[in-house]
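Shown next: final_6.cif, containing mmCIF, C-alpha atoms.
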data_target
#
loop_
_atom_site.label_atom_id
_atom_site.label_comp_id
_atom_site.auth_asym_id
_atom_site.auth_seq_id
_atom_site.Cartn_x
_atom_site.Cartn_y
_atom_site.Cartn_z
CA MET A 1 68.17 -49.63 -53.92
CA ARG A 2 67.45 -47.82 -50.66
CA THR A 3 71.16 -47.08 -50.25
CA ILE A 4 71.25 -45.28 -53.60
CA TYR A 5 68.17 -43.28 -52.60
CA TRP A 6 69.82 -42.15 -49.36
CA ILE A 7 73.08 -41.30 -51.09
CA CYS A 8 71.19 -39.16 -53.62
CA ALA A 9 69.20 -37.47 -50.84
CA VAL A 10 72.35 -36.64 -48.87
CA CYS A 11 74.08 -35.29 -52.00
CA ALA A 12 71.06 -33.10 -52.77
CA VAL A 13 71.04 -31.65 -49.25
CA LEU A 14 74.77 -30.96 -49.39
CA ALA A 15 74.49 -29.32 -52.81
CA ALA A 16 71.62 -27.11 -51.61
CA GLY A 17 73.66 -26.10 -48.57
CA LEU A 18 76.66 -25.17 -50.69
CA LEU A 19 74.48 -23.13 -53.03
CA MET A 20 72.89 -21.25 -50.14
CA ALA A 21 76.29 -20.57 -48.58
CA ARG A 22 77.59 -19.21 -51.86
CA GLN A 23 74.56 -16.95 -52.28
CA ALA A 24 74.95 -15.69 -48.71
CA ASP A 25 78.52 -14.62 -49.54
CA THR A 26 77.23 -12.45 -52.37
CA LYS A 27 76.20 -9.07 -51.02
CA ALA A 28 72.96 -7.91 -52.56
CA PRO A 29 73.32 -4.43 -54.04
CA LYS A 30 71.14 -1.66 -52.69
CA LYS A 31 67.90 -0.96 -54.52
CA ILE A 32 67.76 2.77 -55.16
CA ALA A 33 64.57 4.61 -54.26
CA VAL A 34 63.13 6.81 -56.99
CA GLU A 35 63.74 9.99 -54.94
CA GLU A 36 67.45 9.19 -54.60
CA LEU A 37 67.58 8.26 -58.26
CA VAL A 38 66.14 11.62 -59.33
CA LYS A 39 68.75 13.42 -57.18
CA LEU A 40 71.52 11.45 -58.92
CA LEU A 41 70.04 12.16 -62.35
CA ASP A 42 69.89 15.87 -61.56
CA LYS A 43 73.68 15.86 -61.09
CA PRO A 44 74.91 14.50 -64.44
CA GLY A 45 78.42 13.13 -64.34
CA ASP A 46 78.52 12.28 -60.63
CA VAL A 47 77.66 8.62 -61.28
CA LEU A 48 77.70 6.35 -64.30
CA PHE A 49 74.40 4.74 -65.24
CA ILE A 50 74.68 1.40 -67.04
CA ASP A 51 71.64 -0.06 -68.80
CA VAL A 52 72.22 -3.81 -68.91
CA ARG A 53 69.16 -4.67 -71.01
CA GLU A 54 69.24 -6.06 -74.54
CA PRO A 55 69.21 -3.55 -77.44
CA SER A 56 65.67 -4.52 -78.48
CA GLU A 57 64.37 -3.64 -75.00
CA ILE A 58 66.07 -0.27 -75.14
CA THR A 59 64.54 0.39 -78.56
CA ASP A 60 61.08 -0.43 -77.18
CA THR A 61 61.16 1.62 -73.97
CA GLY A 62 64.12 4.01 -74.21
CA THR A 63 66.93 4.47 -71.74
CA LEU A 64 68.28 7.17 -69.45
CA LYS A 65 70.03 10.14 -71.06
CA GLY A 66 73.77 9.55 -70.96
CA ALA A 67 73.53 5.93 -69.85
CA LEU A 68 76.11 3.44 -71.04
CA THR A 69 74.35 0.47 -72.63
CA ILE A 70 76.01 -2.93 -72.23
CA PRO A 71 73.87 -6.08 -72.08
CA VAL A 72 74.61 -8.01 -68.89
CA GLY A 73 75.84 -11.00 -70.91
CA GLN A 74 78.55 -8.83 -72.48
CA LEU A 75 79.51 -6.82 -69.42
CA GLU A 76 82.52 -8.85 -68.32
CA SER A 77 84.08 -8.79 -71.79
CA ARG A 78 83.42 -5.03 -72.12
CA LEU A 79 84.61 -3.84 -68.70
CA SER A 80 87.23 -1.66 -70.40
CA GLU A 81 84.34 0.62 -71.42
CA VAL A 82 83.39 1.23 -67.78
CA PRO A 83 85.55 3.87 -66.08
CA LYS A 84 86.75 2.72 -62.64
CA GLY A 85 86.81 6.20 -61.12
CA LYS A 86 83.05 6.72 -61.08
CA PRO A 87 80.43 5.08 -58.90
CA VAL A 88 77.98 2.99 -60.94
CA VAL A 89 74.22 2.54 -60.93
CA ALA A 90 73.09 -0.49 -62.92
CA PHE A 91 69.56 -0.85 -64.18
CA CYS A 92 67.44 -3.14 -66.32
CA ARG A 93 63.73 -3.85 -66.69
CA ARG A 94 62.96 -5.21 -63.22
CA GLY A 95 66.30 -5.26 -61.38
CA GLY A 96 67.44 -8.88 -61.65
CA ARG A 97 70.04 -8.39 -64.38
CA ALA A 98 71.12 -5.12 -62.76
CA THR A 99 71.80 -7.04 -59.55
CA ARG A 100 73.95 -9.56 -61.42
CA ALA A 101 75.78 -6.70 -63.16
CA ALA A 102 76.40 -4.84 -59.88
CA ASN A 103 77.75 -8.01 -58.25
CA LEU A 104 80.12 -8.55 -61.19
CA LEU A 105 81.28 -4.93 -61.07
CA GLU A 106 81.91 -5.15 -57.31
CA GLU A 107 83.91 -8.36 -57.83
CA LYS A 108 86.05 -6.54 -60.39
CA GLY A 109 86.78 -3.60 -58.09
CA TYR A 110 84.14 -1.09 -59.18
CA LYS A 111 82.11 0.95 -56.69
CA THR A 112 78.38 0.50 -57.15
CA VAL A 113 75.80 2.87 -55.72
CA GLY A 114 72.86 0.54 -56.34
CA VAL A 115 70.41 -0.92 -58.82
CA PHE A 116 66.85 -0.41 -59.97
CA GLY A 117 64.27 -1.69 -62.42
CA LEU A 118 63.19 0.86 -65.01
CA GLU A 119 59.72 -0.67 -65.28
CA GLU A 120 58.89 0.31 -61.69
CA TYR A 121 60.03 3.94 -62.06
CA HIS A 122 59.30 4.52 -65.76
CA ASP A 123 56.52 7.06 -65.24
CA ARG A 124 58.52 9.07 -62.70
CA LEU A 125 61.59 9.17 -64.98
CA LYS A 126 59.97 10.29 -68.26
CA ASP A 127 61.91 13.57 -68.26
CA TYR A 128 65.21 11.65 -68.11
CA LEU A 129 64.52 9.11 -70.88
CA VAL A 130 65.65 9.16 -74.49
#

In structure tokens, write the structure found in this file.
Amino acid sequence: MRTIYWICAVCAVLAAGLLMARQADTKAPKKIAVEELVKLLDKPGDVLFIDVREPSEITDTGTLKGALTIPVGQLESRLSEVPKGKPVVAFCRRGGRATRAANLLEEKGYKTVGVFGLEEYHDRLKDYLV
């Protein structure tokens, strides 16, 4: 019985190590400061903003003017809607889904500028929301 315990313990340690190594290989996208974000928003067309929240969330809180809305779960199957020639800023409620979206976009050859969570900057971005 002790042998099985030790085998399970070793397997768990190895699995944790592999998971950590994989996560270390994934570059975390830059979190955009609100000041930089406002500068980007004041130059429409320079970057593409992608809102990766679910439609019900967008209905509740609004989104940025001109943003492309693709839920993160659909992003890979809808990449044809994302032009490759423009840098991308992904956003969601708090930044977690935007980070996943930015990592996917980078893997597929897109240039990402960064990510942010709309909840944190909502009050500062009221003039840019629809």

| Evaluating the PyMOL selection byres ((chain A and resi 75-89) around 12) on the displayed file yields which residues, as a ChimeraX atom specification? | /A:29-33,36-37,40-41,44-54,64,67-74,90-92,95,97-118

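Taking atom CA of A:Lys43 as the reference point, atom CA of A:Lys27 is found at 27.0 Å.
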
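Atom CA of A:Asp123 to atom CA of A:Lys65 spans 15.0 Å [interatomic distance, one decimal].
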
| message | As an exercise, work out the distance from atom CA of A:Val34 to atom CA of A:Leu129 in Å and give it to one decimal place. | response | 14.1 Å

| said: Under the rule that only C-alpha atoms are counted, which of A:Arg94, A:Glu35, A:Ser56, A:Asp42 is the nearest residue to A:Tyr128? | reply: A:Asp42

Filled-in N, CA, C and O atoms of stretch 84-99 of chain A, supplied as a PDB file, in the frame of the given file:
ATOM      1  N   LYS A  84      86.682   3.165 -64.044  1.00  0.00           N
ATOM      2  CA  LYS A  84      86.750   2.720 -62.640  1.00  0.00           C
ATOM      3  C   LYS A  84      86.613   3.869 -61.649  1.00  0.00           C
ATOM      4  O   LYS A  84      86.306   3.638 -60.493  1.00  0.00           O
ATOM      5  N   GLY A  85      86.819   5.082 -62.063  1.00  0.00           N
ATOM      6  CA  GLY A  85      86.810   6.200 -61.120  1.00  0.00           C
ATOM      7  C   GLY A  85      85.439   6.710 -60.736  1.00  0.00           C
ATOM      8  O   GLY A  85      85.328   7.583 -59.878  1.00  0.00           O
ATOM      9  N   LYS A  86      84.388   6.221 -61.366  1.00  0.00           N
ATOM     10  CA  LYS A  86      83.050   6.720 -61.080  1.00  0.00           C
ATOM     11  C   LYS A  86      82.198   5.653 -60.423  1.00  0.00           C
ATOM     12  O   LYS A  86      82.235   4.492 -60.816  1.00  0.00           O
ATOM     13  N   PRO A  87      81.386   6.043 -59.442  1.00  0.00           N
ATOM     14  CA  PRO A  87      80.430   5.080 -58.900  1.00  0.00           C
ATOM     15  C   PRO A  87      79.387   4.731 -59.968  1.00  0.00           C
ATOM     16  O   PRO A  87      79.073   5.560 -60.830  1.00  0.00           O
ATOM     17  N   VAL A  88      78.873   3.509 -59.902  1.00  0.00           N
ATOM     18  CA  VAL A  88      77.980   2.990 -60.940  1.00  0.00           C
ATOM     19  C   VAL A  88      76.607   2.667 -60.378  1.00  0.00           C
ATOM     20  O   VAL A  88      76.486   2.123 -59.285  1.00  0.00           O
ATOM     21  N   VAL A  89      75.588   2.995 -61.171  1.00  0.00           N
ATOM     22  CA  VAL A  89      74.220   2.540 -60.930  1.00  0.00           C
ATOM     23  C   VAL A  89      73.845   1.675 -62.114  1.00  0.00           C
ATOM     24  O   VAL A  89      73.894   2.122 -63.265  1.00  0.00           O
ATOM     25  N   ALA A  90      73.509   0.421 -61.852  1.00  0.00           N
ATOM     26  CA  ALA A  90      73.090  -0.490 -62.920  1.00  0.00           C
ATOM     27  C   ALA A  90      71.574  -0.594 -62.920  1.00  0.00           C
ATOM     28  O   ALA A  90      70.937  -0.590 -61.856  1.00  0.00           O
ATOM     29  N   PHE A  91      71.007  -0.681 -64.110  1.00  0.00           N
ATOM     30  CA  PHE A  91      69.560  -0.850 -64.180  1.00  0.00           C
ATOM     31  C   PHE A  91      69.182  -1.729 -65.365  1.00  0.00           C
ATOM     32  O   PHE A  91      69.944  -1.898 -66.317  1.00  0.00           O
ATOM     33  N   CYS A  92      68.001  -2.307 -65.257  1.00  0.00           N
ATOM     34  CA  CYS A  92      67.440  -3.140 -66.320  1.00  0.00           C
ATOM     35  C   CYS A  92      65.923  -2.979 -66.252  1.00  0.00           C
ATOM     36  O   CYS A  92      65.438  -1.940 -65.796  1.00  0.00           O
ATOM     37  N   ARG A  93      65.190  -3.970 -66.686  1.00  0.00           N
ATOM     38  CA  ARG A  93      63.730  -3.850 -66.690  1.00  0.00           C
ATOM     39  C   ARG A  93      63.152  -3.946 -65.282  1.00  0.00           C
ATOM     40  O   ARG A  93      62.360  -3.111 -64.874  1.00  0.00           O
ATOM     41  N   ARG A  94      63.544  -4.993 -64.550  1.00  0.00           N
ATOM     42  CA  ARG A  94      62.960  -5.210 -63.220  1.00  0.00           C
ATOM     43  C   ARG A  94      63.988  -5.227 -62.090  1.00  0.00           C
ATOM     44  O   ARG A  94      63.615  -5.221 -60.932  1.00  0.00           O
ATOM     45  N   GLY A  95      65.274  -5.303 -62.407  1.00  0.00           N
ATOM     46  CA  GLY A  95      66.300  -5.260 -61.380  1.00  0.00           C
ATOM     47  C   GLY A  95      67.150  -6.511 -61.243  1.00  0.00           C
ATOM     48  O   GLY A  95      68.218  -6.464 -60.650  1.00  0.00           O
ATOM     49  N   GLY A  96      66.692  -7.634 -61.781  1.00  0.00           N
ATOM     50  CA  GLY A  96      67.440  -8.880 -61.650  1.00  0.00           C
ATOM     51  C   GLY A  96      68.782  -8.863 -62.364  1.00  0.00           C
ATOM     52  O   GLY A  96      69.815  -9.197 -61.780  1.00  0.00           O
ATOM     53  N   ARG A  97      68.776  -8.463 -63.618  1.00  0.00           N
ATOM     54  CA  ARG A  97      70.040  -8.390 -64.380  1.00  0.00           C
ATOM     55  C   ARG A  97      70.934  -7.290 -63.832  1.00  0.00           C
ATOM     56  O   ARG A  97      72.158  -7.421 -63.799  1.00  0.00           O
ATOM     57  N   ALA A  98      70.331  -6.205 -63.363  1.00  0.00           N
ATOM     58  CA  ALA A  98      71.120  -5.120 -62.760  1.00  0.00           C
ATOM     59  C   ALA A  98      71.834  -5.618 -61.511  1.00  0.00           C
ATOM     60  O   ALA A  98      72.989  -5.254 -61.257  1.00  0.00           O
ATOM     61  N   THR A  99      71.177  -6.466 -60.740  1.00  0.00           N
ATOM     62  CA  THR A  99      71.800  -7.040 -59.550  1.00  0.00           C
ATOM     63  C   THR A  99      72.992  -7.904 -59.931  1.00  0.00           C
ATOM     64  O   THR A  99      74.066  -7.802 -59.328  1.00  0.00           O
TER      65      THR A  99
END
